[in-house]
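Enquirer: Below: one structure in C-alpha cells.
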Amino acid sequence: MSWAQEEFADLDLGDKRLNRRQVKLAETFSRQPTPSIPAACGGWGDTRGAYRFFAHEDIDWQDILKPHWQASAQRMAEHPVVLCLQDTTELDFNGQGIAGLGRLSYDAQRGMYLHPTYAITPDREPLGVIDAWMWARSAKKGQAASDEVLESTRWIEGYERIAEQAASLPGTRLVYVADRESDLLALMRRAAELGHPADWLVRAKHNRVLPEDGKLWATVTSGHPLGQIVFTHAPRGQRARRVHQTVWAKSVRLAQGVTVTCVIAREEHPPSGVKPIEWRLLSNRPAGDLQAATQLIEWYRARWEIELFFHVVKNGCRIEALQLSRIERLERAIALYLVIAWRIARLMRLGRNGPDLPAELFFEPDEWRGVHFLLKKPIPKQAPRLNTVIRMVATLGGFLGRKCDGEPGVKTLWIGMQRVADFAAGLDYAREIQAL
C-alpha cells in the first residue's frame, strides 16, 4: 500500500470512485507539491478528474480530512504527551477571480483564513492535522468588528475540540499551545469550567492589572528567579546563537477568579545590537521549580513547528497559486494539501529524530532506488536508513551536505522529491511498455 492508501484507509465519500480519486490525487500532489494542478497531473484526463473532484458539491472538505484525523489520533495514542499547536494564517488570492473570498489585513487584498490544529510530540515529530477552520471575512468594512469577535471564538472552540479528543485518549496528555492572539480570559475560564481535560499554554499578550493590585509581569519578576536556562536560537535566515535566559514563575489570580501560572524567561545580556529574547507564558500547569518551568518553555518553543508547517503549505504546496473558481472548491483542495504538507514536514523531522528507521516505511522501492540512480550511487539490495535517503533526496533539491549545513530543510526536500517522483513515474511507465 502507498502512504496515501494507508492514511486514507477509512475514507468514505459515498462513492468508491471518489475515494480512489482522492487517494490518487494525494499520491500525485505529494510527488509534485509545487507545480500547478495541470502540471502535477501531467495530462488532460487526470487534470479534468482533479477539477471535477474539487467541484463535487456533495464532498465536504471535512470529509476529505476525516480519515487523516482518525489516523492522527492513532499516532497520538502512542505518546504520553502531545502538543496541539494552533495558529491562524492568511491565504492571499488577490487578483484571482475566486467567488466567495473576503478581506484580509488590508482591505485591498482578497483571500481567506486558515486556522489548523497541528499535533506534534515534544520532540517535534509531526503527528497530523487534527482540526481546522477555513473562512472568509465579510467584504464590507462595517462588518470588521463582528468578524473579529467571531474569529476570537476560534481559539476557545479550538480548546474545546482538543478537550473532546482528550476523552478518547486517556493515556495521552494533550496540551493546547498557541501564541499571543489566544491570550483570552474567556479561554482560560472555559478550560477551568471543563475541569482542564487538556492542559493549555499560551504566550501572554496583556500585562493585566491583578485583583490584589500591581501588574502581572512586574509581580512575577519581583521575586527570586528559579534559575537560568541556555539554548541555541536559530531563526530562519539568521545565524544560530546561544541564548541565556533568567526564569521566573509564579501562580497568580487574574480577574473573574481565574488562577494561572505565569512563566517569564528573559535574556538579560544579549549581544550588542541584538534584541533580547523574552517570553511571557501563561498555563494551567504548575511550575514550582526550574525543571517544570523549563518544560513549559520548551513546549512553547516547539510552537515553531506550525510556522514551519505554514511554510510548507504556502511555499512548498503553493496553495495561494491554486486557480479554482469558488471558495468551496478551494477548501477541498486545501484540505488535501494539508495532509501532503504534514507528510513533507514529517519526513524532514523523522529524518532528524528517527534517522535509523528503514526508508521503506516512507518511500516506495522505486523512490529510494531512484535516488541512488539519479546520484549515480550503487543501489543497495536492502532499503537504507531513512536519514540517508532524506539527505540524498535533499541533495537533488540543492542541499550541499557539508558539515556546517546540518540537516536538510523542507525546501530542498520537496524540490528533490519532485525529481525522484518523475524518475519513479518514468520507471513505472517503462515497465508498462515492456509488458505489452
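Following the order of the C-alpha cells, first chain is A, next is B, and so on, with residues numbered from 1 inside each chain and ligands from 1 in the order they appear.
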Skipping near chain neighbours, those fewer than 2 positions away, what residues fall within 6 Å of Leu282 in chain A using only C-alpha atoms, listed as a VMD selection string?
Expert: chain A and resid 201 to 202 261 to 262
Enquirer: Compile a residue-level contact table for range 150-255 of chain A against range 67-74 of chain A at a cut-off of 10 Å, reporting for every qualifying residue the shortest atom pair and its distance in Å to one decimal, with only C-alpha atoms counted, rows ordered by chain and ascending number, as CSV.
Expert:
residue,atom,partner,partner_atom,distance
A:Gln165,CA,A:Ala73,CA,8.3
A:Ala166,CA,A:Ala73,CA,10.0
A:Ser168,CA,A:Ala73,CA,8.9
A:Leu169,CA,A:Ala73,CA,8.0
Enquirer: Can you pull out every residue within 12 Å of His269 in chain A, counting only C-alpha atoms, but drop anything in the same chain fewer than 4 positions away, and send it as a list in words?
Expert: Arg242, Val243, His244, Gln245, Thr246, Gly273, Val274, Lys275, Pro276, Ile277 and Glu278 of chain A
Enquirer: At most 9 Å is the cut-off: for each residue in range 12-86 of chain A with any atom that close to an atom of range 402-418 of chain A, write down the nearest atom pair and the distance in Å rounded to one decimal, counting only C-alpha atoms, chain first then increasing number, as CSV.
Expert:
residue,atom,partner,partner_atom,distance
A:Ser30,CA,A:Met417,CA,8.5
A:Arg31,CA,A:Gln418,CA,5.6
A:Gln32,CA,A:Gln418,CA,5.0
A:Pro33,CA,A:Trp414,CA,7.3
A:Thr34,CA,A:Trp414,CA,7.9
Enquirer: Just the selected residues (N, CA and C atoms), exported as a short mmCIF file (atom, residue, chain, number, x, y, z; two decimals), in the first residue's frame, please.
Expert:
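File produced: selection24.cif:
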data_model
loop_
_atom_site.label_atom_id
_atom_site.label_comp_id
_atom_site.auth_asym_id
_atom_site.auth_seq_id
_atom_site.Cartn_x
_atom_site.Cartn_y
_atom_site.Cartn_z
N SER A 30 1.60 14.76 -3.71
CA SER A 30 2.73 14.57 -2.80
C SER A 30 4.03 14.36 -3.58
N ARG A 31 3.92 13.77 -4.77
CA ARG A 31 5.10 13.60 -5.60
C ARG A 31 5.56 14.94 -6.18
N GLN A 32 4.58 15.79 -6.51
CA GLN A 32 4.90 17.09 -7.09
C GLN A 32 4.03 18.16 -6.43
N PRO A 33 4.40 18.57 -5.21
CA PRO A 33 3.55 19.51 -4.48
C PRO A 33 3.58 20.94 -5.00
N THR A 34 4.67 21.34 -5.66
CA THR A 34 4.84 22.74 -6.04
C THR A 34 4.16 23.13 -7.35
#
Enquirer: Write down as an NGL selection string the residues of range 28-115 of chain A whose backbone DSSP state falls under helix (DSSP H, G or I).
Expert: :A and (28-31 or 37-41 or 44-55 or 61-76)
Enquirer: Report the residues of range 187-269 of chain A whose backbone DSSP state falls under strand (DSSP E or B), written as a ChimeraX atom specification.
Expert: /A:199-203,209,215,227-233,241-253,259-266
Enquirer: Rounded to one decimal, what separation in Å do you get between CA of Arg349 in chain A and CA of Arg75 in chain A?
Expert: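 That distance, rounded to one decimal, is 15.1 Å.
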Enquirer: Neighbours of Ile379 in chain A within 9 Å (only C-alpha atoms; same-chain residues fewer than 4 positions away dropped), as a VMD selection string?
Expert: chain A and resid 368 to 373
Enquirer: Taking C-alpha atoms for each residue, export the selection above as a tab-separated table (two decimals), in the first residue's frame.
Expert:
chain	number	residue	atom	x	y	z
A	368	TRP	CA	14.70	5.13	-2.75
A	369	ARG	CA	16.33	3.17	-5.57
A	370	GLY	CA	15.72	6.06	-7.94
A	371	VAL	CA	17.56	8.46	-5.62
A	372	HIS	CA	20.65	6.30	-5.83
A	373	PHE	CA	20.34	6.09	-9.61
Enquirer: As an exercise, work out the distance from CA of Ile120 in chain A to CA of Leu85 in chain A in Å and give it to one decimal place.
Expert: 7.7 Å
Enquirer: Show me a table, sorted first by chain and then by increasing residue number, of the residues of range 240-346 of chain A having an atom at most 9 Å from range 37-52 of chain A, each with its shortest atom pair and the distance in Å to one decimal, counting only C-alpha atoms and written as a Markdown table.
Expert:
| residue | atom | partner | partner_atom | distance |
| --- | --- | --- | --- | --- |
| A:Leu322 | CA | A:Ile37 | CA | 7.6 |
| A:Gln323 | CA | A:Ile37 | CA | 8.6 |
| A:Leu324 | CA | A:Tyr51 | CA | 8.2 |
| A:Arg329 | CA | A:Tyr51 | CA | 8.6 |
Enquirer: What does the file look like for those residues with C-alpha atoms, as a compact mmCIF listing (two decimals), in the first residue's frame?
Expert:
# COMPACT_ATOMS: atom_id res chain seq x y z
CA LEU A 322 -4.44 27.46 -6.89
CA GLN A 323 -6.81 28.58 -9.63
CA LEU A 324 -10.27 27.37 -8.72
CA ARG A 329 -13.56 24.16 -4.34
Enquirer: Just the residues within 8 Å of Val220 in chain A, please, counting only C-alpha atoms, with nothing from its chain fewer than 6 positions along; format it as a compact mmCIF listing (two decimals) with C-alpha atoms, in the first residue's frame.
Expert:
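Generated output (out34.txt):
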# COMPACT_ATOMS: atom_id res chain seq x y z
CA TRP A 248 10.71 33.37 36.95
CA ALA A 249 7.43 31.58 37.64
CA LYS A 250 4.53 32.34 39.93
CA CYS A 262 2.90 32.82 34.70
CA VAL A 263 6.42 31.97 33.48
CA ILE A 264 8.76 34.73 32.33
Enquirer: So that I can check the surroundings of Arg318 in chain A, please list as a PyMOL selection string every protein, DNA and RNA residue that reaches within 10 Å of it, counting only C-alpha atoms and ignoring chain neighbours fewer than 2 positions away.
Expert: chain A and resi 33-36+311-316+320-322+337
Enquirer: Would you mind exporting the chosen residues as an mmCIF file, in the first residue's frame, restricted to N, CA and C atoms?
Expert:
data_model
loop_
_atom_site.group_PDB
_atom_site.id
_atom_site.type_symbol
_atom_site.label_atom_id
_atom_site.label_comp_id
_atom_site.auth_asym_id
_atom_site.auth_seq_id
_atom_site.Cartn_x
_atom_site.Cartn_y
_atom_site.Cartn_z
ATOM 1 N N PRO A 33 4.404 18.575 -5.211
ATOM 2 C CA PRO A 33 3.545 19.514 -4.475
ATOM 3 C C PRO A 33 3.583 20.939 -5.002
ATOM 4 N N THR A 34 4.668 21.337 -5.656
ATOM 5 C CA THR A 34 4.841 22.740 -6.039
ATOM 6 C C THR A 34 4.162 23.128 -7.351
ATOM 7 N N PRO A 35 4.165 22.301 -8.404
ATOM 8 C CA PRO A 35 3.557 22.716 -9.670
ATOM 9 C C PRO A 35 2.049 22.927 -9.567
ATOM 10 N N SER A 36 1.479 23.547 -10.605
ATOM 11 C CA SER A 36 0.034 23.725 -10.688
ATOM 12 C C SER A 36 -0.658 22.369 -10.802
ATOM 13 N N HIS A 311 4.893 27.271 6.251
ATOM 14 C CA HIS A 311 5.891 27.480 5.198
ATOM 15 C C HIS A 311 5.756 26.409 4.115
ATOM 16 N N VAL A 312 5.553 25.164 4.528
ATOM 17 C CA VAL A 312 5.381 24.085 3.557
ATOM 18 C C VAL A 312 4.070 24.263 2.797
ATOM 19 N N VAL A 313 2.989 24.600 3.519
ATOM 20 C CA VAL A 313 1.678 24.770 2.887
ATOM 21 C C VAL A 313 1.721 25.854 1.820
ATOM 22 N N LYS A 314 2.339 26.987 2.155
ATOM 23 C CA LYS A 314 2.307 28.136 1.247
ATOM 24 C C LYS A 314 3.383 28.076 0.167
ATOM 25 N N ASN A 315 4.591 27.700 0.541
ATOM 26 C CA ASN A 315 5.695 27.762 -0.405
ATOM 27 C C ASN A 315 6.031 26.416 -1.035
ATOM 28 N N GLY A 316 5.795 25.341 -0.298
ATOM 29 C CA GLY A 316 6.030 24.023 -0.865
ATOM 30 C C GLY A 316 4.868 23.553 -1.711
ATOM 31 N N GLU A 320 -1.609 29.208 -2.479
ATOM 32 C CA GLU A 320 -2.091 30.536 -2.868
ATOM 33 C C GLU A 320 -2.051 30.738 -4.383
ATOM 34 N N ALA A 321 -1.486 29.773 -5.096
ATOM 35 C CA ALA A 321 -1.467 29.843 -6.560
ATOM 36 C C ALA A 321 -2.557 28.975 -7.186
ATOM 37 N N LEU A 322 -3.366 28.301 -6.355
ATOM 38 C CA LEU A 322 -4.440 27.456 -6.892
ATOM 39 C C LEU A 322 -5.448 28.309 -7.654
ATOM 40 N N TYR A 337 -4.189 19.294 0.531
ATOM 41 C CA TYR A 337 -2.805 19.759 0.629
ATOM 42 C C TYR A 337 -2.316 19.842 2.079
#
Enquirer: Using only C-alpha atoms for the distances, tell me which of A:Ser325, A:Asn284, A:Gln228, A:Gln62 is nearest to Ser251 in chain A.
Expert: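 Looking only at the distances to Ser251 in chain A, the closest residue turns out to be A:Asn284.
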Enquirer: Taking into account only C-alpha atoms, which residue in the set A:Leu347, A:Leu65, A:Leu25, A:Val230 is nearest to Leu11 in chain A?
Expert: A:Leu65
Enquirer: List as a list in words the protein and nucleic acid residues near Tyr159 in chain A, meaning an atom at most 8 Å away when only C-alpha atoms are counted, but skip any in the same chain fewer than 5 places from it.
Expert: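 My reading of the contact set: Tyr176, Leu187, Ala191 and Ala198 of chain A.
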